[in-house]
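Data from entry_17.txt: compact mmCIF, C-alpha atoms
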```txt
# COMPACT_ATOMS: atom_id res chain seq x y z
CA MET A 171 4.36 49.97 6.32
CA ASN A 172 2.82 46.52 6.63
CA MET A 173 5.33 44.77 8.92
CA ARG A 174 4.36 41.16 8.35
CA ILE A 175 7.08 40.47 5.78
CA ILE A 176 9.65 42.07 8.10
CA ASP A 177 8.39 40.01 11.03
CA ASP A 178 8.40 36.79 8.99
CA ILE A 179 11.99 37.29 7.81
CA THR A 180 13.08 38.23 11.33
CA ASN A 181 11.48 35.21 12.96
CA PHE A 182 12.89 32.88 10.31
CA LEU A 183 16.50 34.06 10.40
CA PHE A 184 16.96 35.25 13.98
CA VAL A 185 16.44 31.90 15.68
CA GLU A 186 16.48 31.89 19.49
CA ASP A 187 15.60 29.09 21.88
CA ARG A 188 14.97 28.75 25.57
CA LEU A 189 18.17 27.17 26.81
CA GLU A 190 18.51 23.90 28.70
CA LYS A 191 21.47 21.91 29.90
CA ALA A 192 23.29 20.30 27.00
CA ASP A 193 26.33 18.21 26.19
CA ALA A 194 28.34 20.86 24.33
CA ILE A 195 28.40 24.49 23.26
CA PHE A 196 29.41 25.09 19.64
CA VAL A 197 30.89 28.44 18.55
CA PRO A 198 31.38 28.83 14.77
CA GLY A 199 34.31 31.01 13.81
CA GLY A 200 34.58 34.75 13.40
CA SER A 201 36.32 37.89 14.59
CA TYR A 202 33.97 39.09 17.32
CA PRO A 203 34.76 38.22 20.96
CA GLU A 204 31.11 38.58 21.92
CA LEU A 205 30.41 35.04 20.71
CA PRO A 206 32.99 33.20 22.87
CA GLU A 207 32.15 35.57 25.73
CA ARG A 208 28.53 34.39 25.57
CA ALA A 209 29.70 30.78 25.34
CA ALA A 210 31.93 31.26 28.38
CA ALA A 211 29.03 32.70 30.37
CA LEU A 212 26.89 29.69 29.47
CA TRP A 213 29.68 27.28 30.42
CA LYS A 214 30.14 28.98 33.80
CA GLU A 215 26.39 28.73 34.39
CA GLY A 216 26.67 24.97 33.91
CA TYR A 217 24.85 24.62 30.60
CA ALA A 218 27.40 22.19 29.12
CA PRO A 219 30.74 20.56 30.02
CA TRP A 220 32.41 21.23 26.65
CA VAL A 221 32.92 24.34 24.53
CA VAL A 222 33.93 23.80 20.90
CA PRO A 223 35.32 26.87 19.11
CA SER A 224 35.69 26.32 15.37
CA GLY A 225 37.53 28.23 12.70
CA ARG A 226 40.78 28.81 10.86
CA TYR A 227 40.12 32.00 8.87
CA SER A 228 37.96 33.11 5.98
CA VAL A 229 38.54 31.20 2.76
CA THR A 230 38.10 34.45 0.80
CA ILE A 231 40.79 36.35 2.73
CA GLY A 232 43.32 33.61 3.48
CA LYS A 233 44.42 34.82 6.90
CA PHE A 234 43.02 35.92 10.24
CA THR A 235 42.53 39.64 9.84
CA GLY A 236 42.14 40.54 13.49
CA LEU A 237 39.39 41.54 15.87
CA LYS A 238 36.36 43.53 14.78
CA SER A 239 35.57 44.73 18.32
CA GLN A 240 37.22 45.00 21.75
CA ALA A 241 40.74 45.06 20.30
CA GLU A 242 41.89 46.90 23.42
CA LYS A 243 40.79 43.97 25.58
CA TYR A 244 42.15 41.07 23.51
CA SER A 245 45.46 42.14 22.02
CA GLY A 246 47.16 38.88 21.08
CA ASP A 247 48.62 37.98 17.71
CA TYR A 248 46.21 35.25 16.65
CA ALA A 249 46.89 32.88 13.76
CA THR A 250 43.36 31.47 13.62
CA GLU A 251 39.82 32.21 14.75
CA CYS A 252 40.00 29.16 16.99
CA GLU A 253 43.12 30.48 18.71
CA PHE A 254 41.43 33.84 19.25
CA TYR A 255 38.22 32.24 20.57
CA THR A 256 40.21 29.98 22.87
CA GLU A 257 41.96 32.94 24.49
CA VAL A 258 38.63 34.73 24.97
CA LEU A 259 37.08 31.62 26.52
CA GLN A 260 39.97 31.19 28.95
CA ALA A 261 40.05 34.90 29.80
CA ASN A 262 36.38 34.59 30.72
CA GLY A 263 36.82 31.62 33.03
CA VAL A 264 36.54 28.47 30.90
CA ASP A 265 38.96 25.72 31.96
CA GLN A 266 41.45 24.76 29.27
CA GLY A 267 40.47 21.11 29.64
CA SER A 268 36.87 21.92 28.72
CA ILE A 269 37.78 23.49 25.37
CA LEU A 270 37.83 21.27 22.27
CA LYS A 271 39.59 23.15 19.47
CA GLU A 272 38.69 22.90 15.80
CA ASP A 273 41.09 25.02 13.74
CA ARG A 274 40.65 23.93 10.11
CA ALA A 275 37.26 25.34 9.07
CA GLN A 276 37.15 28.23 6.61
CA TYR A 277 33.39 28.65 6.15
CA THR A 278 30.16 27.76 7.91
CA ALA A 279 29.66 24.31 6.41
CA GLN A 280 33.19 23.32 7.45
CA ASN A 281 32.59 24.63 10.97
CA ALA A 282 29.91 21.99 11.32
CA ILE A 283 31.62 19.19 9.38
CA PHE A 284 35.00 19.50 11.09
CA THR A 285 33.40 19.88 14.51
CA ARG A 286 31.61 16.58 13.91
CA GLU A 287 34.88 14.93 12.90
CA LEU A 288 36.61 16.29 16.00
CA LEU A 289 33.92 15.04 18.36
CA ASP A 290 33.67 11.66 16.65
CA ALA A 291 37.43 11.21 17.03
CA GLY A 292 37.09 11.94 20.75
CA GLY A 293 34.15 9.60 21.22
CA ILE A 294 31.79 12.47 22.07
CA TYR A 295 28.27 12.14 20.68
CA PRO A 296 26.10 15.00 21.95
CA GLN A 297 22.41 14.36 22.30
CA LYS A 298 21.82 18.07 22.84
CA ALA A 299 24.00 21.05 21.94
CA ILE A 300 23.86 24.82 22.23
CA LEU A 301 24.82 26.82 19.13
CA CYS A 302 26.27 30.22 19.99
CA CYS A 303 26.32 32.36 16.83
CA LYS A 304 25.51 35.78 15.39
CA GLY A 305 21.79 36.53 15.46
CA TYR A 306 21.24 37.13 11.75
CA HIS A 307 23.44 34.10 10.92
CA ALA A 308 21.52 31.74 13.22
CA ARG A 309 19.30 29.98 10.68
CA ARG A 310 22.15 29.10 8.32
CA CYS A 311 24.40 27.99 11.18
CA LEU A 312 21.60 25.83 12.49
CA MET A 313 21.04 24.33 9.04
CA TYR A 314 24.66 23.22 8.67
CA TYR A 315 25.04 21.89 12.20
CA GLN A 316 21.77 19.99 11.91
CA PHE A 317 22.97 18.36 8.70
CA SER A 318 26.28 17.34 10.32
CA PHE A 319 24.65 16.26 13.61
CA PRO A 320 21.31 14.79 12.51
CA ASP A 321 20.77 12.99 15.82
CA THR A 322 21.50 16.03 18.00
CA ALA A 323 18.86 18.45 19.31
CA PHE A 324 20.06 22.04 18.95
CA LEU A 325 19.29 25.10 21.03
CA VAL A 326 20.32 28.44 19.55
CA ALA A 327 21.85 31.13 21.77
CA PRO A 328 22.23 34.13 19.42
CA VAL A 329 24.32 37.24 19.89
CA ASP A 330 23.27 40.37 18.01
CA ILE A 331 26.43 41.98 16.63
CA THR A 332 26.28 45.02 14.32
CA VAL A 333 22.87 43.88 13.04
CA GLY A 334 20.00 43.77 15.52
CA ARG A 335 16.88 41.65 15.44
CA GLU A 336 14.59 44.62 15.99
CA SER A 337 16.26 47.10 13.63
CA TRP A 338 18.00 45.26 10.77
CA TYR A 339 15.63 46.62 8.12
CA ARG A 340 16.32 50.24 9.07
CA THR A 341 19.92 50.39 7.78
CA GLU A 342 21.70 49.55 4.54
CA GLN A 343 24.14 47.33 6.43
CA GLY A 344 21.32 45.43 8.10
CA LEU A 345 19.44 44.92 4.85
CA LYS A 346 22.59 43.71 3.11
CA LYS A 347 23.47 41.23 5.86
CA VAL A 348 19.98 39.82 6.36
CA LEU A 349 18.94 39.60 2.71
CA GLY A 350 22.33 38.08 1.95
CA GLU A 351 21.57 35.35 4.46
CA LEU A 352 18.23 34.67 2.78
CA GLU A 353 19.94 34.38 -0.58
CA ARG A 354 22.64 32.03 0.70
CA LEU A 355 20.08 29.83 2.40
CA GLY A 356 18.23 29.51 -0.88
CA THR A 357 21.30 28.46 -2.82
CA GLN A 358 23.01 26.34 -0.16
CA PHE A 359 20.13 24.32 1.24
CA GLY A 360 19.50 22.19 -1.86
CA PRO A 361 23.02 20.74 -2.30
CA GLU A 362 23.30 20.01 1.42
CA TYR A 363 19.87 18.41 1.57
CA ASP A 364 20.65 16.22 -1.43
CA ARG A 365 23.63 14.75 0.44
CA PHE A 366 21.47 13.51 3.28
CA ARG A 367 18.02 12.70 1.96
CA GLU A 368 17.09 9.15 1.04
CA PRO A 369 16.92 8.35 -2.68
CA PRO A 370 13.39 8.26 -4.11
CA CYS A 371 11.71 4.86 -4.23
CA ASN A 372 11.31 3.32 -7.66
CA SER A 373 7.67 2.59 -8.45
```

Taking this structure as input, can you express it in the form of structure tokens?
Amino acid sequence: MNMRIIDDITNFLFVEDRLEKADAIFVPGGSYPELPERAAALWKEGYAPWVVPSGRYSVTIGKFTGLKSQAEKYSGDYATECEFYTEVLQANGVDQGSILKEDRAQYTAQNAIFTRELLDAGGIYPQKAILCCKGYHARRCLMYYQFSFPDTAFLVAPVDITVGRESWYRTEQGLKKVLGELERLGTQFGPEYDRFREPPCNS
């Protein structure tokens, strides 16, 4: 098999940056504790003073359906993704005063939009931020956060969960997840871009 197409898709979607100190760590919502665990590790290493977990629950389900891994470790009754992430962050050493909670978002675009509203209300304007998200979801997360924070430089700290960077194309689940991301990027980029780009000049 000629692997170039696989490599190109992988490098496009599975964004990963060399990390530097930043002003905040953003964690878009979900049901896997591995994301806030990674964010907590970065906070403890001094990468940023704030951690911002975001998420209510999926708009398609209408409630928080529970953990998808490590249920034996985190056994609380969580009403929202943000509440769940907050407990994981604190259990892994993040001070309560360093956690800024966003608990309204129900999909990726709202994670970014409502996080921006939360930080604006608190007078926090990050020049640089770390985005801690699932590996295959990294490009779309980055797209939405860049649109909501156009003046912020982002560094992506991915976590491979269920779908790995090196093996996604070898399983039906991996193909479904990754190609689904490509499709959503294609349909979601245009409307978001139209909201931010300058109108064309009249000749």

If we count all atoms listed in the file, what is near Phe184 of chain A at a cut-off of 8 Å, once residues fewer than 2 positions away on the same chain are taken out, given as JSON, numbers by chain?
{"A": [180, 181, 182, 186, 305, 306, 307, 308, 309, 328, 335]}

So how many Å separate atom CA of Lys347 of chain A and atom CA of Pro361 of chain A, to one decimal?
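These atoms are spaced 22.1 Å apart.
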
Counting all atoms listed in the file, what are the residues of segment 240-291 of chain A within 10 Å of segment 199-215 of chain A, and for each of them which pair of atoms is the nearest and at what distance in Å, to one decimal? Sort the table by chain and rising number, as JSON lines.
```
{"residue": "A:Gln240", "atom": "CA", "partner": "A:Pro203", "partner_atom": "CA", "distance": 7.3}
{"residue": "A:Ala241", "atom": "CA", "partner": "A:Pro203", "partner_atom": "CA", "distance": 9.1}
{"residue": "A:Lys243", "atom": "CA", "partner": "A:Pro203", "partner_atom": "CA", "distance": 9.5}
{"residue": "A:Tyr244", "atom": "CA", "partner": "A:Pro203", "partner_atom": "CA", "distance": 8.3}
{"residue": "A:Thr250", "atom": "CA", "partner": "A:Gly199", "partner_atom": "CA", "distance": 9.1}
{"residue": "A:Glu251", "atom": "CA", "partner": "A:Gly199", "partner_atom": "CA", "distance": 5.7}
{"residue": "A:Cys252", "atom": "CA", "partner": "A:Gly199", "partner_atom": "CA", "distance": 6.8}
{"residue": "A:Phe254", "atom": "CA", "partner": "A:Ser201", "partner_atom": "CA", "distance": 8.0}
{"residue": "A:Tyr255", "atom": "CA", "partner": "A:Pro206", "partner_atom": "CA", "distance": 5.8}
{"residue": "A:Thr256", "atom": "CA", "partner": "A:Pro206", "partner_atom": "CA", "distance": 7.9}
{"residue": "A:Glu257", "atom": "CA", "partner": "A:Pro206", "partner_atom": "CA", "distance": 9.1}
{"residue": "A:Val258", "atom": "CA", "partner": "A:Pro206", "partner_atom": "CA", "distance": 6.2}
{"residue": "A:Leu259", "atom": "CA", "partner": "A:Ala210", "partner_atom": "CA", "distance": 5.5}
{"residue": "A:Gln260", "atom": "CA", "partner": "A:Ala210", "partner_atom": "CA", "distance": 8.1}
{"residue": "A:Ala261", "atom": "CA", "partner": "A:Glu207", "partner_atom": "CA", "distance": 8.9}
{"residue": "A:Asn262", "atom": "CA", "partner": "A:Ala210", "partner_atom": "CA", "distance": 6.0}
{"residue": "A:Gly263", "atom": "CA", "partner": "A:Ala210", "partner_atom": "CA", "distance": 6.8}
{"residue": "A:Val264", "atom": "CA", "partner": "A:Ala210", "partner_atom": "CA", "distance": 5.9}
{"residue": "A:Asp265", "atom": "CA", "partner": "A:Trp213", "partner_atom": "CA", "distance": 9.5}
{"residue": "A:Ser268", "atom": "CA", "partner": "A:Trp213", "partner_atom": "CA", "distance": 9.1}
{"residue": "A:Glu272", "atom": "CA", "partner": "A:Gly199", "partner_atom": "CA", "distance": 9.4}
{"residue": "A:Asp273", "atom": "CA", "partner": "A:Gly199", "partner_atom": "CA", "distance": 9.0}
{"residue": "A:Ala275", "atom": "CA", "partner": "A:Gly199", "partner_atom": "CA", "distance": 8.0}
{"residue": "A:Gln276", "atom": "CA", "partner": "A:Gly199", "partner_atom": "CA", "distance": 8.2}
{"residue": "A:Tyr277", "atom": "CA", "partner": "A:Gly199", "partner_atom": "CA", "distance": 8.1}
{"residue": "A:Thr278", "atom": "CA", "partner": "A:Gly199", "partner_atom": "CA", "distance": 7.9}
{"residue": "A:Asn281", "atom": "CA", "partner": "A:Gly199", "partner_atom": "CA", "distance": 7.2}
```

Rank A:Ala249, A:Val185, A:Val333, A:Ala218 by their smallest atom-to-atom distance to Lys233 of chain A, using all atoms listed in the file, and report the top residue only.
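Smallest separation from Lys233 of chain A among the options: A:Ala249.
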
Atomic distance atom CA of Gly216 of chain A - atom CA of Lys191 of chain A, expressed in Å with one decimal:
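So the answer is 7.2 Å.
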
Can you tell me which residues surround Ala327 of chain A at a distance of at most 7 Å, considering all atoms listed in the file, apart from same-chain residues fewer than 4 positions away, and format the answer as a PyMOL selection string?
chain A and resi 186-187+300-303

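Closest to Glu336 of chain A among A:Leu312, A:Ala291, A:Ala279, A:Met173 is A:Met173, based on only C-alpha atoms.
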
Within 9 Å of segment 350-360 of chain A, counting all atoms listed in the file, which residues qualify if same-chain residues fewer than 5 places away don't, as a list of chain:residue names?
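Within the cut-off, the hits are A:Ile179, A:Leu183, A:Tyr306, A:His307, A:Arg309, A:Arg310, A:Met313, A:Tyr314, A:Leu345, A:Arg365.
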
Between atom CA of Thr332 of chain A and atom CA of Ser239 of chain A, what distance in Å does the model show, to one decimal?
10.1 Å

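Counting all atoms listed in the file and comparing A:Ala192, A:Cys311, A:Ile269, A:Val348, the residue that lies closest to Leu289 of chain A is A:Ile269.
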
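Considering the residues A:Arg174, A:Arg226, A:Lys304, A:Lys346 and counting all atoms listed in the file, Lys271 of chain A has its shortest atom-to-atom contact with A:Arg226.
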
Point out the residue among A:Leu349, A:Gln343, A:Ile294, A:Gly267 with the least atom-to-atom distance to Thr322 of chain A, counting all atoms listed in the file.
A:Ile294

Pick from A:Tyr248, A:Pro223, A:Pro296, A:Arg188, whichever lies nearest to Thr235 of chain A using only C-alpha atoms:
A:Tyr248
